[in-house]
Structures are given as structure tokens and as C-alpha cells.
file target-v6.cif (mmCIF, C-alpha atoms)
data_my_file
loop_
_atom_site.label_atom_id
_atom_site.label_comp_id
_atom_site.auth_asym_id
_atom_site.auth_seq_id
_atom_site.Cartn_x
_atom_site.Cartn_y
_atom_site.Cartn_z
CA MET A 1 -16.96 -38.86 -21.04
CA PRO A 2 -18.64 -35.70 -22.35
CA LEU A 3 -16.66 -32.96 -24.02
CA TYR A 4 -16.60 -29.64 -22.15
CA ARG A 5 -15.55 -26.36 -23.73
CA TYR A 6 -13.65 -23.92 -21.55
CA GLU A 7 -12.18 -20.45 -21.41
CA ALA A 8 -9.13 -19.98 -19.18
CA VAL A 9 -6.29 -17.57 -18.42
CA ASP A 10 -2.62 -18.48 -18.13
CA LYS A 11 -0.09 -16.96 -15.73
CA THR A 12 0.66 -14.08 -18.10
CA GLY A 13 -3.02 -13.14 -18.36
CA LYS A 14 -3.48 -14.51 -21.87
CA VAL A 15 -6.94 -15.94 -22.56
CA VAL A 16 -7.01 -19.47 -24.00
CA ARG A 17 -9.97 -21.50 -25.20
CA GLY A 18 -10.37 -25.18 -25.86
CA ALA A 19 -12.20 -28.39 -25.00
CA MET A 20 -11.48 -31.47 -22.91
CA ASP A 21 -13.11 -34.71 -21.80
CA ALA A 22 -14.24 -34.68 -18.18
CA ALA A 23 -16.86 -36.16 -15.90
CA ASN A 24 -18.15 -32.75 -14.78
CA GLU A 25 -17.32 -29.07 -14.76
CA GLN A 26 -15.41 -29.26 -11.49
CA GLN A 27 -13.04 -31.81 -13.01
CA VAL A 28 -12.40 -29.42 -15.90
CA VAL A 29 -11.46 -26.69 -13.43
CA ARG A 30 -9.11 -29.04 -11.57
CA LYS A 31 -7.43 -30.22 -14.76
CA LEU A 32 -6.91 -26.66 -15.91
CA ALA A 33 -5.44 -25.71 -12.52
CA ALA A 34 -3.01 -28.65 -12.77
CA MET A 35 -1.95 -27.35 -16.19
CA GLY A 36 -1.28 -23.86 -14.77
CA TYR A 37 -4.48 -22.22 -16.05
CA SER A 38 -7.27 -20.43 -14.17
CA ALA A 39 -10.74 -21.25 -15.49
CA ARG A 40 -12.96 -18.33 -16.42
CA GLN A 41 -15.92 -20.14 -17.98
CA VAL A 42 -16.85 -23.79 -18.50
CA TYR A 43 -19.59 -24.61 -21.02
CA ALA A 44 -21.96 -27.55 -21.08
CA PRO A 45 -21.09 -30.32 -23.55
CA SER A 46 -24.50 -30.41 -25.19
CA ALA A 47 -24.28 -27.20 -27.24
CA GLY A 48 -22.06 -25.07 -29.40
CA ALA A 49 -20.67 -21.65 -28.90
CA SER A 50 -23.96 -20.11 -27.81
CA ALA A 51 -25.48 -22.85 -25.74
CA SER A 52 -26.47 -22.50 -22.14
CA ARG A 53 -24.80 -24.41 -19.41
CA THR A 54 -26.19 -27.43 -17.68
CA SER A 55 -27.82 -27.19 -14.29
CA GLY A 56 -24.70 -25.90 -12.60
CA PRO A 57 -24.51 -24.13 -9.27
CA ALA A 58 -25.90 -20.86 -10.61
CA VAL A 59 -29.04 -22.58 -11.89
CA GLN A 60 -29.35 -24.47 -8.64
CA ALA A 61 -29.08 -21.21 -6.76
CA VAL A 62 -32.07 -19.81 -8.59
CA HIS A 63 -34.22 -22.91 -8.35
CA GLY A 64 -33.22 -23.79 -4.83
CA ARG A 65 -32.24 -27.35 -5.74
CA SER A 66 -28.92 -27.03 -3.95
CA GLY A 67 -29.23 -27.49 -0.21
CA ALA A 68 -26.23 -25.28 0.52
CA VAL A 69 -27.58 -22.32 -1.44
CA PRO A 70 -30.61 -20.25 -0.35
CA THR A 71 -33.20 -19.91 -3.08
CA VAL A 72 -33.23 -16.55 -4.79
CA LEU A 73 -36.91 -16.94 -5.60
CA GLY A 74 -37.82 -16.75 -1.91
CA ILE A 75 -36.24 -13.30 -1.57
CA PRO A 76 -37.96 -10.18 -2.95
CA VAL A 77 -35.78 -8.77 -5.70
CA SER A 78 -36.05 -5.24 -4.31
CA VAL A 79 -34.60 -5.90 -0.83
CA LYS A 80 -31.63 -3.59 -0.37
CA SER A 81 -28.15 -4.66 0.63
CA LYS A 82 -26.92 -4.00 4.15
CA VAL A 83 -23.77 -2.62 2.55
CA PRO A 84 -24.08 1.08 1.62
CA THR A 85 -24.92 1.40 -2.05
CA ASN A 86 -21.89 3.57 -2.88
CA ARG A 87 -19.53 0.95 -1.42
CA LEU A 88 -21.30 -1.87 -3.22
CA ALA A 89 -21.08 0.11 -6.47
CA ALA A 90 -17.33 0.62 -5.99
CA PHE A 91 -16.93 -3.10 -5.26
CA PHE A 92 -18.64 -4.17 -8.50
CA ARG A 93 -16.93 -1.44 -10.54
CA GLN A 94 -13.51 -2.72 -9.50
CA LEU A 95 -14.60 -6.33 -10.10
CA ALA A 96 -15.86 -5.40 -13.59
CA VAL A 97 -12.61 -3.64 -14.47
CA LEU A 98 -10.47 -6.56 -13.29
CA THR A 99 -12.65 -9.12 -15.09
CA ARG A 100 -12.68 -7.18 -18.33
CA SER A 101 -8.89 -6.88 -18.26
CA GLY A 102 -8.59 -10.67 -18.20
CA VAL A 103 -7.75 -11.16 -14.52
CA PRO A 104 -9.11 -14.54 -13.26
CA LEU A 105 -12.00 -14.23 -10.83
CA PHE A 106 -10.07 -15.80 -7.96
CA GLN A 107 -7.21 -13.35 -8.42
CA ALA A 108 -9.68 -10.47 -8.85
CA PHE A 109 -11.21 -11.18 -5.45
CA SER A 110 -7.72 -11.45 -3.94
CA ASP A 111 -6.98 -7.96 -5.25
CA LEU A 112 -10.33 -6.67 -3.96
CA SER A 113 -9.74 -8.03 -0.47
CA SER A 114 -6.83 -5.63 0.02
CA VAL A 115 -8.74 -2.49 -1.03
CA THR A 116 -12.27 -3.18 0.24
CA ARG A 117 -13.08 -1.11 3.32
CA ASP A 118 -16.40 -2.65 4.31
CA ARG A 119 -15.83 -5.45 6.82
CA ARG A 120 -18.89 -7.42 5.66
CA LEU A 121 -17.66 -7.43 2.09
CA ARG A 122 -14.18 -8.48 3.21
CA ARG A 123 -15.61 -11.47 5.05
CA ALA A 124 -17.75 -12.36 2.03
CA ILE A 125 -14.75 -12.18 -0.32
CA VAL A 126 -12.99 -14.97 1.59
CA ALA A 127 -16.02 -17.26 1.29
CA ILE A 128 -16.50 -16.37 -2.38
CA GLN A 129 -12.90 -17.25 -3.13
CA GLN A 130 -13.43 -20.65 -1.53
CA GLU A 131 -16.48 -21.24 -3.73
CA LEU A 132 -14.58 -20.20 -6.86
CA GLN A 133 -11.67 -22.45 -5.91
CA LEU A 134 -14.08 -25.37 -5.87
CA GLY A 135 -15.10 -24.52 -9.44
CA ARG A 136 -18.49 -23.05 -8.60
CA TYR A 137 -20.09 -20.15 -10.39
CA LEU A 138 -19.82 -16.59 -9.17
CA SER A 139 -23.62 -16.24 -9.01
CA ASN A 140 -23.77 -19.27 -6.74
CA ALA A 141 -21.16 -17.76 -4.45
CA LEU A 142 -22.95 -14.38 -4.32
CA ALA A 143 -26.29 -16.07 -3.58
CA LYS A 144 -24.86 -17.29 -0.27
CA PHE A 145 -24.95 -13.68 0.98
CA PRO A 146 -28.50 -12.38 0.31
CA ASP A 147 -28.04 -9.61 2.89
CA LEU A 148 -25.10 -8.23 0.93
CA PHE A 149 -25.94 -9.07 -2.68
CA PRO A 150 -29.64 -8.56 -3.51
CA ALA A 151 -31.46 -11.10 -5.66
CA HIS A 152 -31.54 -8.83 -8.72
CA ILE A 153 -27.74 -8.51 -8.61
CA VAL A 154 -27.28 -12.30 -8.33
CA ALA A 155 -29.68 -12.74 -11.26
CA SER A 156 -27.79 -10.19 -13.38
CA VAL A 157 -24.52 -12.02 -12.74
CA TRP A 158 -26.18 -15.34 -13.56
CA CYS A 159 -27.42 -13.91 -16.88
CA GLY A 160 -23.89 -12.79 -17.68
CA GLU A 161 -22.58 -16.29 -16.96
CA LEU A 162 -25.23 -17.93 -19.10
CA ALA A 163 -24.52 -15.58 -22.02
CA GLY A 164 -20.74 -15.80 -21.64
CA LYS A 165 -20.61 -12.05 -20.96
CA LEU A 166 -19.82 -11.88 -17.28
CA ASP A 167 -17.71 -8.74 -17.66
CA VAL A 168 -20.60 -6.96 -19.40
CA ALA A 169 -23.05 -8.03 -16.68
CA LEU A 170 -20.72 -6.86 -13.90
CA ASP A 171 -20.26 -3.53 -15.66
CA GLU A 172 -24.04 -3.04 -15.91
CA VAL A 173 -24.50 -3.97 -12.25
CA ALA A 174 -21.89 -1.38 -11.27
CA THR A 175 -23.53 1.29 -13.47
CA ASP A 176 -26.98 0.62 -11.96
CA LEU A 177 -25.59 0.78 -8.42
CA GLU A 178 -23.74 4.03 -9.14
CA SER A 179 -26.97 5.58 -10.45
CA GLU A 180 -28.83 4.28 -7.40
CA ALA A 181 -26.21 5.72 -5.06
CA SER A 182 -26.62 9.13 -6.71
CA ASP A 183 -30.41 8.95 -6.33
CA GLU A 184 -30.05 7.92 -2.69
CA LEU A 185 -27.85 10.94 -2.00
CA TYR A 186 -30.55 13.33 -3.19
CA ALA A 187 -33.24 11.41 -1.33
CA ARG A 188 -31.18 11.27 1.86
CA VAL A 189 -30.69 15.04 1.88
CA GLY A 190 -34.43 15.64 1.47
CA TRP A 191 -35.46 13.09 4.09
CA THR A 192 -32.88 14.43 6.55
CA LEU A 193 -34.21 17.97 6.21
CA PHE A 194 -37.77 16.72 6.66
CA LYS A 195 -36.93 14.62 9.72
CA ILE A 196 -34.89 17.36 11.40
CA ASN A 197 -37.68 19.91 10.95
CA LEU A 198 -40.35 17.48 12.15
CA ILE A 199 -38.35 16.54 15.27
CA PHE A 200 -37.66 20.23 15.93
CA LEU A 201 -41.36 21.02 15.60
CA VAL A 202 -42.35 18.24 18.00
CA LEU A 203 -39.75 19.29 20.58
CA THR A 204 -40.64 23.00 20.47
CA LEU A 205 -44.45 22.72 20.36
CA PRO A 206 -44.90 23.88 24.00
CA ALA A 207 -43.00 27.10 23.25
CA TYR A 208 -45.59 28.19 20.68
CA ASN A 209 -48.48 28.09 23.17
CA VAL A 210 -48.16 31.46 24.92
CA THR A 211 -51.51 31.23 26.74
CA ASN A 212 -49.84 30.60 30.10
CA LEU A 213 -47.74 33.73 29.59
CA ILE A 214 -50.44 36.10 28.28
CA ALA A 215 -53.41 35.15 30.50
CA PRO A 216 -51.86 36.07 33.88
CA LEU A 217 -50.70 39.42 32.52
CA LEU A 218 -54.13 40.37 31.20
CA GLY A 219 -55.92 39.61 34.45
CA SER A 220 -53.37 41.11 36.84
CA SER A 221 -53.03 44.40 38.64
CA THR A 222 -50.25 46.92 37.94
CA GLU A 223 -48.13 45.53 40.76
CA ASP A 224 -48.53 42.01 39.38
CA VAL A 225 -47.55 43.14 35.92
CA GLU A 226 -44.26 44.35 37.33
CA ARG A 227 -43.56 40.72 38.15
CA SER A 228 -43.71 39.81 34.45
CA ARG A 229 -40.12 38.61 34.54
CA ASP A 230 -41.10 35.99 37.05
CA LEU A 231 -43.98 34.97 34.78
CA VAL A 232 -41.59 34.62 31.82
CA ARG A 233 -39.28 32.46 33.90
CA MET A 234 -42.22 30.34 35.01
CA PHE A 235 -43.43 30.08 31.41
CA TRP A 236 -40.07 28.79 30.12
CA GLY A 237 -39.86 26.47 33.11
CA ASP A 238 -43.21 24.96 32.15
CA VAL A 239 -42.04 24.71 28.53
CA ALA A 240 -38.87 22.88 29.56
CA HIS A 241 -40.86 20.52 31.79
CA ALA A 242 -43.30 19.74 28.98
CA ILE A 243 -40.49 19.12 26.48
CA VAL A 244 -38.60 16.76 28.79
CA HIS A 245 -41.57 14.81 30.13
CA GLN A 246 -44.00 14.82 27.17
CA TYR A 247 -42.54 15.85 23.83
CA LEU A 248 -39.02 14.42 24.10
CA PRO A 249 -40.41 10.88 24.57
CA ALA A 250 -42.65 11.51 21.55
CA ALA A 251 -39.65 12.60 19.46
CA ILE A 252 -37.65 9.56 20.58
CA GLY A 253 -40.60 7.32 19.74
CA LEU A 254 -40.77 8.89 16.28
CA MET A 255 -37.07 8.21 15.67
CA LEU A 256 -37.43 4.63 16.91
CA ALA A 257 -40.38 4.18 14.54
CA TRP A 258 -38.22 5.31 11.61
CA TRP A 259 -35.47 2.91 12.70
CA ALA A 260 -37.93 0.03 13.08
CA TRP A 261 -39.46 0.75 9.68
CA GLY A 262 -36.01 0.45 8.11
CA HIS A 263 -35.94 -3.18 9.35
CA ILE A 264 -39.61 -4.00 8.82
CA LYS A 265 -39.51 -3.11 5.13
CA ARG A 266 -36.85 -5.79 4.64
CA VAL A 267 -39.38 -8.49 5.58
CA ALA A 268 -40.32 -10.43 2.44
CA ALA A 269 -44.11 -10.01 2.73
CA VAL A 270 -43.82 -6.30 3.55
CA ARG A 271 -41.37 -5.72 0.70
CA ARG A 272 -43.73 -7.34 -1.80
CA LEU A 273 -46.61 -5.18 -0.59
CA LEU A 274 -44.44 -2.07 -0.92
CA ASP A 275 -43.43 -3.03 -4.46
CA SER A 276 -47.08 -3.46 -5.37
CA PHE A 277 -47.95 -0.12 -3.76
CA LEU A 278 -45.08 1.67 -5.52
CA LEU A 279 -46.35 0.60 -8.94
CA ARG A 280 -49.70 2.24 -8.17
CA MET A 281 -48.28 5.56 -7.01
CA PRO A 282 -48.54 8.51 -9.40
CA ILE A 283 -45.21 9.46 -11.02
CA TRP A 284 -43.08 7.06 -8.96
CA GLY A 285 -45.08 4.05 -10.11
CA LYS A 286 -44.20 4.72 -13.74
CA LEU A 287 -40.56 5.29 -12.81
CA HIS A 288 -40.32 1.88 -11.11
CA ARG A 289 -42.11 0.16 -13.97
CA TYR A 290 -39.96 1.75 -16.67
CA ARG A 291 -36.75 0.83 -14.86
CA ALA A 292 -37.87 -2.75 -14.26
CA VAL A 293 -38.92 -3.34 -17.88
CA SER A 294 -35.72 -1.75 -19.21
CA ARG A 295 -33.52 -4.03 -17.10
CA PHE A 296 -35.56 -7.08 -18.01
CA ALA A 297 -35.45 -6.36 -21.75
CA LYS A 298 -31.70 -5.74 -21.64
CA ALA A 299 -31.02 -9.03 -19.84
CA LEU A 300 -33.36 -10.93 -22.16
CA ASP A 301 -31.66 -9.40 -25.21
CA MET A 302 -28.22 -10.44 -23.98
CA LEU A 303 -29.34 -14.01 -23.34
CA TYR A 304 -31.30 -14.38 -26.56
CA GLU A 305 -28.42 -12.96 -28.60
CA ALA A 306 -26.11 -15.53 -27.01
CA GLY A 307 -28.35 -18.32 -28.28
CA ILE A 308 -29.96 -19.31 -24.99
CA SER A 309 -33.31 -21.06 -25.46
CA PRO A 310 -36.30 -18.69 -25.08
CA LEU A 311 -37.65 -20.36 -21.94
CA ARG A 312 -34.26 -20.45 -20.21
CA ALA A 313 -33.51 -16.87 -21.23
CA TRP A 314 -36.90 -15.73 -19.90
CA GLU A 315 -36.39 -17.70 -16.69
CA ALA A 316 -33.06 -16.02 -15.94
CA ALA A 317 -34.15 -12.50 -16.95
CA THR A 318 -37.28 -12.49 -14.77
CA LEU A 319 -35.23 -11.94 -11.61
CA VAL A 320 -33.35 -8.92 -12.95
CA PRO A 321 -36.16 -6.30 -12.61
CA ARG A 322 -35.99 -4.60 -9.24
CA ASN A 323 -39.67 -4.90 -8.44
CA SER A 324 -41.13 -8.03 -6.89
CA GLU A 325 -44.58 -7.66 -8.46
CA ILE A 326 -43.22 -7.28 -12.00
CA ALA A 327 -40.81 -10.18 -11.43
CA ALA A 328 -43.72 -12.32 -10.20
CA ARG A 329 -45.83 -11.46 -13.26
CA LEU A 330 -42.97 -12.41 -15.57
CA ARG A 331 -42.38 -15.72 -13.81
CA LEU A 332 -46.07 -16.62 -13.80
CA ALA A 333 -46.02 -16.30 -17.59
CA MET A 334 -43.73 -19.34 -17.81
CA PRO A 335 -45.64 -22.58 -18.41
CA GLU A 336 -44.85 -25.44 -16.07
CA ARG A 337 -44.68 -28.26 -18.61
CA VAL A 338 -44.29 -26.52 -21.97
CA SER A 339 -40.70 -26.06 -23.12
CA ASN A 340 -41.17 -24.65 -26.62
CA ARG A 341 -43.05 -21.44 -25.95
CA SER A 342 -41.80 -18.38 -27.84
CA ILE A 343 -40.72 -15.05 -26.35
CA ALA A 344 -43.75 -13.35 -27.92
CA GLU A 345 -46.13 -15.80 -26.22
CA LEU A 346 -44.40 -15.25 -22.88
CA VAL A 347 -44.60 -11.47 -23.29
CA ALA A 348 -48.32 -11.65 -24.05
CA ALA A 349 -48.96 -13.95 -21.07
CA SER A 350 -47.05 -11.72 -18.62
CA ASN A 351 -49.19 -8.63 -19.33
CA VAL A 352 -46.25 -6.41 -18.37
CA LEU A 353 -45.69 -4.67 -21.70
CA GLU A 354 -48.24 -2.66 -23.66
CA PRO A 355 -50.25 -4.62 -26.29
CA GLU A 356 -48.59 -2.76 -29.18
CA GLU A 357 -45.15 -3.53 -27.75
CA ALA A 358 -46.07 -7.21 -27.41
CA ALA A 359 -47.22 -7.19 -31.05
CA MET A 360 -43.95 -5.56 -32.11
CA ILE A 361 -41.98 -8.32 -30.35
CA ALA A 362 -44.10 -10.99 -32.03
CA THR A 363 -43.41 -9.46 -35.45
CA ALA A 364 -39.70 -9.13 -34.73
CA GLU A 365 -39.49 -12.76 -33.60
CA ARG A 366 -41.14 -13.98 -36.79
CA ALA A 367 -38.75 -11.83 -38.84
CA GLY A 368 -35.68 -13.01 -36.94
CA GLN A 369 -34.97 -9.50 -35.58
CA LEU A 370 -35.87 -10.08 -31.93
CA SER A 371 -32.45 -9.29 -30.49
CA GLY A 372 -32.28 -5.78 -31.94
CA THR A 373 -35.91 -5.14 -31.06
CA LEU A 374 -35.35 -6.05 -27.40
CA ALA A 375 -32.31 -3.76 -27.28
CA ARG A 376 -34.34 -0.84 -28.69
CA LEU A 377 -37.17 -1.60 -26.27
CA SER A 378 -34.74 -1.52 -23.35
CA ALA A 379 -33.28 1.80 -24.53
CA MET A 380 -36.78 3.24 -25.00
CA TYR A 381 -37.83 2.34 -21.45
CA ALA A 382 -34.52 3.62 -20.07
CA GLU A 383 -35.19 6.97 -21.73
CA ARG A 384 -38.71 7.03 -20.29
CA ALA A 385 -37.30 6.26 -16.85
CA SER A 386 -34.81 9.13 -17.19
CA VAL A 387 -37.57 11.61 -18.02
CA GLN A 388 -39.75 10.25 -15.23
CA LYS A 389 -36.90 10.53 -12.74
CA THR A 390 -36.50 14.22 -13.58
CA THR A 391 -40.22 14.72 -12.98
CA ALA A 392 -40.10 12.73 -9.72
CA ARG A 393 -37.21 14.84 -8.43
CA ALA A 394 -39.04 18.07 -9.21
CA VAL A 395 -42.17 16.83 -7.45
CA SER A 396 -40.10 15.60 -4.48
CA VAL A 397 -38.47 19.00 -4.06
CA SER A 398 -41.88 20.69 -4.27
CA LEU A 399 -43.33 18.33 -1.65
CA LEU A 400 -40.33 18.90 0.63
CA ILE A 401 -40.71 22.68 0.41
CA ALA A 402 -44.46 22.39 0.98
CA SER A 403 -43.93 20.19 4.05
CA LEU A 404 -41.41 22.63 5.54
CA ILE A 405 -43.83 25.52 4.96
CA ALA A 406 -46.67 23.48 6.47
CA MET A 407 -44.66 22.75 9.62
CA SER A 408 -43.79 26.43 9.99
CA GLY A 409 -47.47 27.24 9.45
CA ILE A 410 -48.51 24.84 12.20
CA ALA A 411 -46.18 26.59 14.65
CA LEU A 412 -47.47 30.00 13.59
CA ILE A 413 -51.14 28.95 13.89
CA ILE A 414 -50.57 27.60 17.42
CA MET A 415 -48.82 30.80 18.45
CA VAL A 416 -51.44 33.13 16.98
CA LYS A 417 -54.34 31.12 18.39
CA SER A 418 -52.79 30.97 21.88
CA TYR A 419 -52.19 34.74 21.77
CA PHE A 420 -55.57 35.91 20.53
CA GLY A 421 -57.53 33.44 22.66
CA PRO A 422 -56.78 35.15 26.01
CA MET A 423 -56.94 38.58 24.35
CA LEU A 424 -60.46 38.02 23.04
CA LYS A 425 -61.56 36.51 26.33
CA PHE A 426 -60.15 39.50 28.20
CA MET A 427 -62.03 41.86 25.88
CA GLY A 428 -65.25 39.91 26.41
CA VAL A 429 -65.55 38.85 22.77
#

call {"tool": "encode", "arguments": {"input": "target-v6.cif", "output": "C-alpha cells"}}
result
Amino acid sequence: MPLYRYEAVDKTGKVVRGAMDAANEQQVVRKLAAMGYSARQVYAPSAGASASRTSGPAVQAVHGRSGAVPTVLGIPVSVKSKVPTNRLAAFFRQLAVLTRSGVPLFQAFSDLSSVTRDRRLRRAIVAIQQELQLGRYLSNALAKFPDLFPAHIVASVWCGELAGKLDVALDEVATDLESEASDELYARVGWTLFKINLIFLVLTLPAYNVTNLIAPLLGSSTEDVERSRDLVRMFWGDVAHAIVHQYLPAAIGLMLAWWAWGHIKRVAAVRRLLDSFLLRMPIWGKLHRYRAVSRFAKALDMLYEAGISPLRAWEAATLVPRNSEIAARLRLAMPERVSNRSIAELVAASNVLEPEEAAMIATAERAGQLSGTLARLSAMYAERASVQKTTARAVSVSLLIASLIAMSGIALIIMVKSYFGPMLKFMGV
């Protein structure tokens, strides 16, 4: 039987490492459980300390070769979780802390089940524990819930498993989600202000048209003018009627359209089109590209440093960027039948990085300094993304203020036009 290396934790939390003969990885997990240990990682028998695992559940999850696991490749990497981002960030932060402290994954999820507030996550935790108890990988268990754990998160966890740095991968996932939650808070405030003002404008449009109030007064006798209070009451009655029967349905339709769009943009084909469109937008396109390349380079650096073969490392890292078009470009760079292609050749074929950056990677690979170069490249793109995010926020605030002024201007234009129209007609102009 092949020799499997393992990393396990005893009842006191002490980490132990060793090797044993077994038919498969699940048998290793069962033997360790019988000995009183909880398995953390099981490594394939064909390599040393830095080798990748065999086609275990996590690999099957990505390639879709396991019938019980939905393929990650069929899901756009940018589809958001149905769990609020701040709750998902807290979930992964706690999981990262527990994992880093040496708590076995099964016990970590047991601890999380008692403190997790989101009901969907609580239900998922039970199923994940069952998968872990069977000796399956965490990435495989997470892939069973694509509505809760997006493809880029599953891929990040898979990269951590392949590199033997699951705690590092979980920590990075938590950090990314916390940053995303902060960005969403700013965006939500801006969108809420915009939506409230737009709905208010739509509902109050009839009140700005004072033609029905001014025209009767201009063409009336003195006695009729004394009945101006009746005209005001009639005017506001007409306004209320118009709001209820014409503009309120329009406002409701607008809100339903926003709600429907929130579901439509989760459709795979629509999400891919949006990702492609986002890359071509001024300012925001660069922000999405910089973030995607930074995450990809960081994952690739972690895998390459762990000794994973270039093609396998590239394959796993291509799902980490949170943009479907960039992920597709990276995956298309992989040859179907060539297994010895270098990282530099894959970078050049993907056409994602700049030519000078691709040349720098080629030089670093020849010099044996690829790992450090990828880390610096990731940091460089992260810095660019930070600067671009500051610019995007400033532009977003400017656009919000401009839209609020424009909506107020529309109301003022309608009011002025409806006032001066009857006045000019009365004066014969």
C-alpha cells in the first residue's frame, strides 16, 4: 500500500506529523481517529514535503469529476454570496483564528455553530461537518454551497489546502471579505441616498407643475380670485390623484426593477457580461483588474513556493481572481495536453499582465527567484488597487452629489416652466 504523510492534532491540541500505509486518504483519517487524533492534512504518497495532493475531493470539486459536487468552473467567480458580506467575513475570521490556533476543523465548525447567527450558515455548518467527518477536504465541503460560498472563496481555500497553508488562506479570505464589507457600506449609503431622492422625485412630480393652479387665477374675475382657496384645494386634490394613480405605480415599478436586477445579475451569463463590462469602465475597470491580478499573483506565489508543479499551481490560482473574464483568460492559457509549460509561458499566453511584467517573470523564473517576484507583483498591484479605490470613491461621491443636484434641478425647471408658461400666455407673449 502507498505511504501517506499526515498532519494531525491530539486531544490536547498538540500537532503531530507522521506517515502511514493506507489504501486511500479516507483510510488514513479513519486510522488516525481510531488512535485518538483528528486529521488536519493528508498528503499524497507520490511527493515529499512540498508535493501536491492527488485528485482528492477538492480537485474533483474544481474539475467537476465528482457527481456529488457542483463544478466550480460553471459558476462565475464574481457571484456574491446570499449571506451578508459582514457576516461571511466574521465567519471566516473566526474559522481562521481557530485553525491557526491548532483546533481541528471538525471541532472548529462545532464551535462556530454555537456563535453563528445566520441561519443559512448554521445549516451549512452541519453538512460541512459531515463532509469533514468522512475525511473530505474543506474546499469540497464549501463547494456544495455555491450560494453561500462564492467560487473565488472555494478556490482560495483549495489553494491553501494544496500548499499546506490552510490557515493562511482562511486569514486572507477573511481579510478580503472585511475589506469588501467596508466598501459595501460606503456604496450602500450612496445608493440609498440616490434611490430615496429618485423615488421622492417621481412621487412628487405632479406637485411641481403649477399650471393648473396659476391658469385659472390669471383668467378669472375678482370674485373668482376670492375663491383661490378652493382652487388650491382642487390643485392638491389633483396632485394626490395623480400621485396615487400614475406616479405611485411608477415608483413601485422602479423598486421592483431594482429588486429584480439584484436577482438577474446572479445569472451566470449576465454576471460574465457584467464582469466584462466592468473591466472596460473608466476608473472602476482598472480597480477590478488590479484587485484580480493581485489575488491571482498571491495565490500563485503561495502554491509555487510550496513546490506545486507550475501547471497545477496555475490551474488552482486561476479561480481566485474575482472577475470572470480575467479568470477565463487565465484558464485559456493552460494547454490541454502539455504538462511541462512554465509559469512565464502561461503568463505570456494569458495576456493579462503587461509585456514588461511578463518579461520580468520570465527572467525571475530562469534565475530561480520566481516566488519573491510573484509576491512583489502581488503587493504592487494591491497598492495600485488601493490608490484606484481612493480615486473611485472620490468620483462616486462627486457623481452622487451631481445626481442629487440634477434631480433638484429637474424639479425646479418643471416648476419654473409651469409658472411662466401661463404668465407669458396671459401677457400675450

call {"tool": "residues_around", "arguments": {"input": "target-v6.cif", "residues": "A:Arg271", "least_positions_apart": "6", "cutoff": "12 Å", "atoms": "only C-alpha atoms", "output": "CSV table (one decimal) with C-alpha atoms, keeping the file's coordinate frame"}}
result
chain,number,residue,atom,x,y,z
A,74,GLY,CA,-37.8,-16.8,-1.9
A,75,ILE,CA,-36.2,-13.3,-1.6
A,76,PRO,CA,-38.0,-10.2,-3.0
A,77,VAL,CA,-35.8,-8.8,-5.7
A,78,SER,CA,-36.0,-5.2,-4.3
A,79,VAL,CA,-34.6,-5.9,-0.8
A,80,LYS,CA,-31.6,-3.6,-0.4
A,261,TRP,CA,-39.5,0.8,9.7
A,262,GLY,CA,-36.0,0.4,8.1
A,263,HIS,CA,-35.9,-3.2,9.4
A,264,ILE,CA,-39.6,-4.0,8.8
A,265,LYS,CA,-39.5,-3.1,5.1
A,277,PHE,CA,-48.0,-0.1,-3.8
A,278,LEU,CA,-45.1,1.7,-5.5
A,322,ARG,CA,-36.0,-4.6,-9.2
A,323,ASN,CA,-39.7,-4.9,-8.4
A,324,SER,CA,-41.1,-8.0,-6.9
A,325,GLU,CA,-44.6,-7.7,-8.5

call {"tool": "atom_distance", "arguments": {"input": "target-v6.cif", "atom1": "atom CA of A:Asn351", "atom2": "atom CA of A:Tyr304"}}
result
20.1 Å

call {"tool": "closest_residue", "arguments": {"input": "target-v6.cif", "among": "A:Glu178, A:Asp167, A:Glu184, A:Glu172", "to": "A:Ala96", "atoms": "all atoms listed in the file"}}
result
A:Asp167

call {"tool": "resolve_selection", "arguments": {"input": "target-v6.cif", "expression": "the PyMOL selection byres ((chain A and resi 357-374) around 8)", "output": "count of residues only"}}
result
20

call {"tool": "atom_distance", "arguments": {"input": "target-v6.cif", "atom1": "atom CA of A:Ser113", "atom2": "atom CA of A:Arg93"}}
result
14.0 Å

call {"tool": "resolve_selection", "arguments": {"input": "target-v6.cif", "expression": "the PyMOL selection byres ((chain A and resi 159) around 8)", "output": "list in words"}}
result
Ala155, Ser156, Val157, Trp158, Gly160, Glu161, Leu162, Ala163, Leu166, Ala169, Ala299, Met302, Leu303, Ala316 and Ala317 of chain A

call {"tool": "atom_distance", "arguments": {"input": "target-v6.cif", "atom1": "atom CA of A:Gln94", "atom2": "atom CA of A:Met35"}}
result
28.0 Å

call {"tool": "closest_residue", "arguments": {"input": "target-v6.cif", "among": "A:Ser386, A:Ser342, A:Asn24, A:Ser309", "to": "A:Arg291", "atoms": "all atoms listed in the file"}}
result
A:Ser386

call {"tool": "resolve_selection", "arguments": {"input": "target-v6.cif", "expression": "the PyMOL selection byres ((chain A and resi 251) around 10)", "output": "ChimeraX atom specification"}}
result
/A:198-203,243,246-250,252-257

call {"tool": "residues_around", "arguments": {"input": "target-v6.cif", "residues": "A:Leu138", "least_positions_apart": "3", "cutoff": "9 Å", "atoms": "only C-alpha atoms", "output": "VMD selection string"}}
result
chain A and resid 57 to 58 105 128 131 to 132 141 to 143 154 157 to 158 161

call {"tool": "closest_residue", "arguments": {"input": "target-v6.cif", "among": "A:Leu346, A:Leu274, A:Ala392, A:Leu205", "to": "A:Ser408", "atoms": "only C-alpha atoms"}}
result
A:Leu205

call {"tool": "residues_around", "arguments": {"input": "target-v6.cif", "residues": "A:Ser403", "least_positions_apart": "4", "cutoff": "8 Å", "atoms": "only C-alpha atoms", "output": "ChimeraX atom specification"}}
result
/A:194,399,407

call {"tool": "closest_residue", "arguments": {"input": "target-v6.cif", "among": "A:Val267, A:Ala174, A:Val29, A:Met380", "to": "A:Gln41", "atoms": "all atoms listed in the file"}}
result
A:Val29

call {"tool": "closest_residue", "arguments": {"input": "target-v6.cif", "among": "A:Arg136, A:Arg393, A:Lys11, A:Arg120", "to": "A:Val28", "atoms": "all atoms listed in the file"}}
result
A:Arg136

call {"tool": "residues_near_point", "arguments": {"input": "target-v6.cif", "point": "(-14.4, -9.3, -12.8)", "cutoff": "9 Å", "atoms": "only C-alpha atoms", "output": "list in words"}}
result
Phe92, Arg93, Gln94, Leu95, Ala96, Val97, Leu98, Thr99, Arg100, Ser101, Gly102, Val103, Pro104, Leu105, Ala108, Phe109, Leu166, Asp167, Leu170 and Asp171 of chain A

call {"tool": "residues_around", "arguments": {"input": "target-v6.cif", "residues": "A:Ile414", "least_positions_apart": "3", "cutoff": "8 Å", "atoms": "all atoms listed in the file", "output": "count of residues only"}}
result
6
